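Report on the following structure.
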Amino acid sequence: MKTFLMLGGAALALAAAPAMAQNDTDRAGDIQFKVLGTAVLPDGKITAVNVDIVGLPANTQTKASDNYVPTVAVEYFLTDNVSIETIAGTTQHDVDATAGLPVGAELVSDALLLPATVTAKYHFDLGGVKPYVGGGVAYFIWLSDQPGAATIPLGVTDTDLSDEFGFALQAGFDVPLGDKGLGLTFDAKRYFIDTTARWFAGNTLAIETEHKLDPWVISAGVAYRF
């Protein structure tokens, strides 16, 4: 997180230099590509236990691990100030116990997520800095997941995380570097989305829990608009 804040500060400092600022506001019909370093920071918890044949402690809680990945964003400007953006990338997480069960016990391993997201954004023109706000829809697709190391001795043979729809709020800013379309970019999204987690012993559903994921997704990188 500190690295992303430092990058954001550097972008603001560059924006303050008049020689580097891009003054054009004619963006309708433009396409912008972004290459980003992204921190995926889940902020979730168990909200309900639907099935439990193993007798979980009543205060059992879990948390998905943070991850840092490269991502790509593609943005199309419908008007000078309104754009549509989508992102491409995957992120992988483990799910560990934080209460009830031994802290750190791995319950899900290598859960690979494709967070398909489309947002609409409104851009403001403030000289060298061009902030924006937005929101949109997301569909979390779990490409793979494995039983955690702590569950295999209990007879768990398979896990399943449900694909789900949700929505995202977004804010950030772009900083043009010169007048050739190159720039720096900083973006923050907060997702609001759940999943249902299931653990199986053979064909028997042993545990089913509802989880609130609600990750923060913080990105910084470079952009090119043409």
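By order in the structure tokens, chains are A, B, ...; within a chain, residues start at 1; ligands start at 1, following the order shown.
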* Asked: Among chain A, which residues carry a DSSP assignment of alpha helix (DSSP H), reported as a list in words?
  -> Lys2, Thr3, Phe4, Leu5, Met6, Leu7, Gly8, Gly9, Ala10, Ala11, Leu12, Ala13, Leu14 and Ala15 of chain A
May I have the residues from that selection written out with all heavy atoms, as a CSV table (one decimal), in the first residue's frame?
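Here's the written file part-v1.csv:
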chain,number,residue,atom,x,y,z
A,2,LYS,N,2.0,1.2,0.8
A,2,LYS,CA,2.9,2.4,0.8
A,2,LYS,C,3.4,2.7,-0.6
A,2,LYS,O,3.5,3.9,-1.0
A,2,LYS,CB,4.0,2.1,1.8
A,2,LYS,CG,5.0,3.3,2.0
A,2,LYS,CD,6.1,3.0,3.0
A,2,LYS,CE,7.0,4.1,3.1
A,2,LYS,NZ,8.1,3.8,4.1
A,3,THR,N,3.8,1.7,-1.3
A,3,THR,CA,4.3,1.9,-2.7
A,3,THR,C,3.3,2.6,-3.6
A,3,THR,O,3.7,3.5,-4.3
A,3,THR,CB,4.7,0.6,-3.3
A,3,THR,OG1,5.7,-0.1,-2.5
A,3,THR,CG2,5.2,0.7,-4.7
A,4,PHE,N,2.0,2.2,-3.5
A,4,PHE,CA,1.0,2.8,-4.3
A,4,PHE,C,0.8,4.3,-3.9
A,4,PHE,O,0.6,5.2,-4.8
A,4,PHE,CB,-0.3,2.1,-4.2
A,4,PHE,CG,-0.2,0.7,-4.9
A,4,PHE,CD1,-0.1,-0.4,-4.2
A,4,PHE,CD2,-0.3,0.6,-6.3
A,4,PHE,CE1,0.0,-1.6,-4.8
A,4,PHE,CE2,-0.2,-0.6,-6.9
A,4,PHE,CZ,0.0,-1.7,-6.1
A,5,LEU,N,0.8,4.6,-2.6
A,5,LEU,CA,0.7,6.0,-2.2
A,5,LEU,C,1.8,6.8,-2.7
A,5,LEU,O,1.7,8.0,-3.0
A,5,LEU,CB,0.6,6.0,-0.7
A,5,LEU,CG,-0.7,5.4,-0.1
A,5,LEU,CD1,-0.6,5.4,1.4
A,5,LEU,CD2,-1.9,6.2,-0.6
A,6,MET,N,3.1,6.3,-2.7
A,6,MET,CA,4.2,7.0,-3.2
A,6,MET,C,4.1,7.3,-4.6
A,6,MET,O,4.4,8.4,-5.1
A,6,MET,CB,5.5,6.2,-2.9
A,6,MET,CG,5.9,6.1,-1.4
A,6,MET,SD,7.3,5.0,-1.1
A,6,MET,CE,8.6,5.9,-2.0
A,7,LEU,N,3.6,6.3,-5.4
A,7,LEU,CA,3.4,6.5,-6.8
A,7,LEU,C,2.3,7.6,-7.1
A,7,LEU,O,2.5,8.5,-8.0
A,7,LEU,CB,3.0,5.2,-7.5
A,7,LEU,CG,4.1,4.2,-7.7
A,7,LEU,CD1,3.5,2.9,-8.2
A,7,LEU,CD2,5.1,4.7,-8.7
A,8,GLY,N,1.3,7.6,-6.3
A,8,GLY,CA,0.2,8.6,-6.4
A,8,GLY,C,0.8,10.0,-6.1
A,8,GLY,O,0.5,11.0,-6.8
A,9,GLY,N,1.7,10.1,-5.1
A,9,GLY,CA,2.3,11.4,-4.8
A,9,GLY,C,3.2,11.9,-5.9
A,9,GLY,O,3.2,13.1,-6.2
A,10,ALA,N,3.9,11.0,-6.5
A,10,ALA,CA,4.8,11.3,-7.6
A,10,ALA,C,4.0,11.9,-8.8
A,10,ALA,O,4.4,12.8,-9.4
A,10,ALA,CB,5.6,10.1,-8.0
A,11,ALA,N,2.8,11.2,-9.0
A,11,ALA,CA,2.0,11.7,-10.1
A,11,ALA,C,1.5,13.1,-9.9
A,11,ALA,O,1.4,13.9,-10.8
A,11,ALA,CB,0.8,10.7,-10.3
A,12,LEU,N,1.1,13.4,-8.6
A,12,LEU,CA,0.6,14.7,-8.3
A,12,LEU,C,1.7,15.8,-8.5
A,12,LEU,O,1.5,16.9,-8.9
A,12,LEU,CB,0.1,14.8,-6.9
A,12,LEU,CG,-1.3,14.1,-6.7
A,12,LEU,CD1,-1.6,14.0,-5.2
A,12,LEU,CD2,-2.4,14.8,-7.5
A,13,ALA,N,2.9,15.4,-8.1
A,13,ALA,CA,4.1,16.3,-8.2
A,13,ALA,C,4.4,16.6,-9.7
A,13,ALA,O,4.6,17.7,-10.1
A,13,ALA,CB,5.3,15.7,-7.5
A,14,LEU,N,4.3,15.6,-10.5
A,14,LEU,CA,4.5,15.8,-11.9
A,14,LEU,C,3.4,16.7,-12.5
A,14,LEU,O,3.7,17.5,-13.4
A,14,LEU,CB,4.5,14.4,-12.7
A,14,LEU,CG,5.8,13.6,-12.5
A,14,LEU,CD1,5.6,12.2,-13.0
A,14,LEU,CD2,7.0,14.3,-13.2
A,15,ALA,N,2.2,16.5,-12.0
A,15,ALA,CA,1.1,17.3,-12.6
A,15,ALA,C,1.3,18.8,-12.3
A,15,ALA,O,0.8,19.7,-13.0
A,15,ALA,CB,-0.2,16.8,-11.9
* **Test item: residues at most 8 Å from Leu184 (chain A), only C-alpha atoms, excluding those fewer than 5 positions along its chain, as a PyMOL selection string** => chain A and resi 11+174-177+220-223
Just-selected residues, N, CA, C and O atoms written as a compact mmCIF listing (two decimals), in the first residue's frame:
# COMPACT_ATOMS: atom_id res chain seq x y z
N ALA A 11 2.83 11.23 -9.01
CA ALA A 11 1.97 11.67 -10.11
C ALA A 11 1.47 13.09 -9.86
O ALA A 11 1.44 13.92 -10.78
N ASP A 174 -5.85 10.61 -13.55
CA ASP A 174 -4.84 10.46 -14.59
C ASP A 174 -4.01 11.73 -14.63
O ASP A 174 -4.51 12.83 -14.39
N VAL A 175 -2.72 11.58 -14.97
CA VAL A 175 -1.81 12.71 -15.08
C VAL A 175 -1.14 12.65 -16.44
O VAL A 175 -0.25 11.82 -16.66
N PRO A 176 -1.55 13.48 -17.41
CA PRO A 176 -0.90 13.48 -18.72
C PRO A 176 0.57 13.89 -18.60
O PRO A 176 0.93 14.77 -17.82
N LEU A 177 1.42 13.24 -19.39
CA LEU A 177 2.84 13.59 -19.48
C LEU A 177 3.11 14.07 -20.90
O LEU A 177 3.24 13.27 -21.82
N ALA A 220 -1.79 1.33 -9.73
CA ALA A 220 -1.03 2.47 -10.22
C ALA A 220 -0.19 2.01 -11.40
O ALA A 220 0.27 0.86 -11.44
N GLY A 221 -0.01 2.90 -12.38
CA GLY A 221 0.78 2.50 -13.53
C GLY A 221 0.85 3.59 -14.59
O GLY A 221 0.76 4.78 -14.28
N VAL A 222 1.00 3.14 -15.83
CA VAL A 222 1.14 4.06 -16.95
C VAL A 222 -0.05 3.89 -17.89
O VAL A 222 -0.67 2.82 -17.95
N ALA A 223 -0.37 4.97 -18.64
CA ALA A 223 -1.51 4.96 -19.55
C ALA A 223 -1.07 5.55 -20.89
O ALA A 223 -0.17 6.39 -20.96
Sort by chain and increasing residue number a table of all residues of region 114-170 of chain A within 12 Å of region 83-102 of chain A, each with its closest pair of atoms and their distance in Å to one decimal, counting only C-alpha atoms, and write it as a Markdown table.
| residue | atom | partner | partner_atom | distance |
| --- | --- | --- | --- | --- |
| A:Leu114 | CA | A:Thr90 | CA | 4.8 |
| A:Pro115 | CA | A:Thr90 | CA | 6.9 |
| A:Ala116 | CA | A:Ile87 | CA | 7.0 |
| A:Thr117 | CA | A:Thr86 | CA | 5.7 |
| A:Val118 | CA | A:Thr86 | CA | 4.6 |
| A:Thr119 | CA | A:Glu85 | CA | 5.4 |
| A:Ala120 | CA | A:Ile84 | CA | 4.6 |
| A:Lys121 | CA | A:Ser83 | CA | 5.2 |
| A:Tyr122 | CA | A:Ser83 | CA | 6.7 |
| A:His123 | CA | A:Ser83 | CA | 7.9 |
| A:Phe124 | CA | A:Ser83 | CA | 11.6 |
| A:Tyr132 | CA | A:Ser83 | CA | 9.9 |
| A:Val133 | CA | A:Ser83 | CA | 10.5 |
| A:Gly134 | CA | A:Ser83 | CA | 9.2 |
| A:Gly135 | CA | A:Ile84 | CA | 9.9 |
| A:Gly136 | CA | A:Glu85 | CA | 9.3 |
| A:Val137 | CA | A:Thr86 | CA | 10.1 |
| A:Ala138 | CA | A:Thr86 | CA | 9.9 |
| A:Tyr139 | CA | A:Ile87 | CA | 11.8 |
| A:Phe140 | CA | A:Thr90 | CA | 10.3 |
| A:Ile141 | CA | A:Thr90 | CA | 9.6 |
| A:Trp142 | CA | A:Gln92 | CA | 9.5 |
| A:Leu143 | CA | A:Thr90 | CA | 9.2 |
| A:Ser144 | CA | A:Gln92 | CA | 9.2 |
| A:Asp145 | CA | A:Asp94 | CA | 8.9 |
| A:Gln146 | CA | A:Asp94 | CA | 9.2 |
| A:Pro147 | CA | A:Asp94 | CA | 9.8 |
| A:Gly148 | CA | A:Val95 | CA | 7.8 |
| A:Ala149 | CA | A:Asp96 | CA | 9.9 |
| A:Ala150 | CA | A:Asp96 | CA | 9.1 |
| A:Thr151 | CA | A:Asp96 | CA | 10.8 |
| A:Thr159 | CA | A:Val95 | CA | 11.5 |
| A:Leu161 | CA | A:Val95 | CA | 11.2 |
| A:Ala168 | CA | A:Thr86 | CA | 11.8 |
| A:Gln170 | CA | A:Glu85 | CA | 10.8 |
* **DSSP-assigned strand (DSSP E) among region 13-117 of chain A, expressed as a VMD selection string** => chain A and resid 31 to 41 45 to 52 61 to 64 67 to 77 82 to 88 91 to 99 106 to 117
* Name the residues in contact with Ile193 (chain A) at a cut-off of 6 Å, using only C-alpha atoms, excluding same-chain residues fewer than 3 positions from it; report them as number ranges by chain. => A: 166, 213-214
Could those selected residues go to a file with all heavy atoms, as a PDB file, in the first residue's frame?
ATOM      1  N   GLY A 166     -21.873  -8.694  -8.498  1.00  0.00           N
ATOM      2  CA  GLY A 166     -21.829  -7.653  -7.492  1.00  0.00           C
ATOM      3  C   GLY A 166     -21.635  -6.313  -8.173  1.00  0.00           C
ATOM      4  O   GLY A 166     -21.875  -6.182  -9.370  1.00  0.00           O
ATOM      5  N   LEU A 213     -16.917 -10.808   0.582  1.00  0.00           N
ATOM      6  CA  LEU A 213     -15.538 -10.598   0.133  1.00  0.00           C
ATOM      7  C   LEU A 213     -15.136  -9.122   0.186  1.00  0.00           C
ATOM      8  O   LEU A 213     -14.167  -8.752   0.819  1.00  0.00           O
ATOM      9  CB  LEU A 213     -15.361 -11.132  -1.291  1.00  0.00           C
ATOM     10  CG  LEU A 213     -15.640 -12.629  -1.467  1.00  0.00           C
ATOM     11  CD1 LEU A 213     -15.491 -13.024  -2.930  1.00  0.00           C
ATOM     12  CD2 LEU A 213     -14.707 -13.457  -0.595  1.00  0.00           C
ATOM     13  N   ASP A 214     -15.864  -8.275  -0.541  1.00  0.00           N
ATOM     14  CA  ASP A 214     -15.717  -6.813  -0.505  1.00  0.00           C
ATOM     15  C   ASP A 214     -14.260  -6.339  -0.573  1.00  0.00           C
ATOM     16  O   ASP A 214     -13.810  -5.561   0.289  1.00  0.00           O
ATOM     17  CB  ASP A 214     -16.376  -6.251   0.749  1.00  0.00           C
ATOM     18  CG  ASP A 214     -17.886  -6.442   0.745  1.00  0.00           C
ATOM     19  OD1 ASP A 214     -18.420  -6.973  -0.244  1.00  0.00           O
ATOM     20  OD2 ASP A 214     -18.533  -6.061   1.742  1.00  0.00           O
TER      21      ASP A 214
END
* Asked: Can you tell me how far CA of Gly172 (chain A) sits from CA of Lys189 (chain A), in Å to one decimal?
  ->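 These atoms are spaced 8.7 Å apart.
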* Which is closer to Lys180 (chain A) than all the others in A:Val156, A:Phe226, A:Thr196, A:Val69, using only C-alpha atoms? ->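 Under the stated criterion, the closest residue is A:Phe226.
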* To do: Mind giving me the straight-line distance from CA of Asp163 (chain A) to CA of Asp110 (chain A) in Å, one decimal?
  =>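 Taking CA of Asp163 (chain A) and CA of Asp110 (chain A), their separation equals 15.8 Å.
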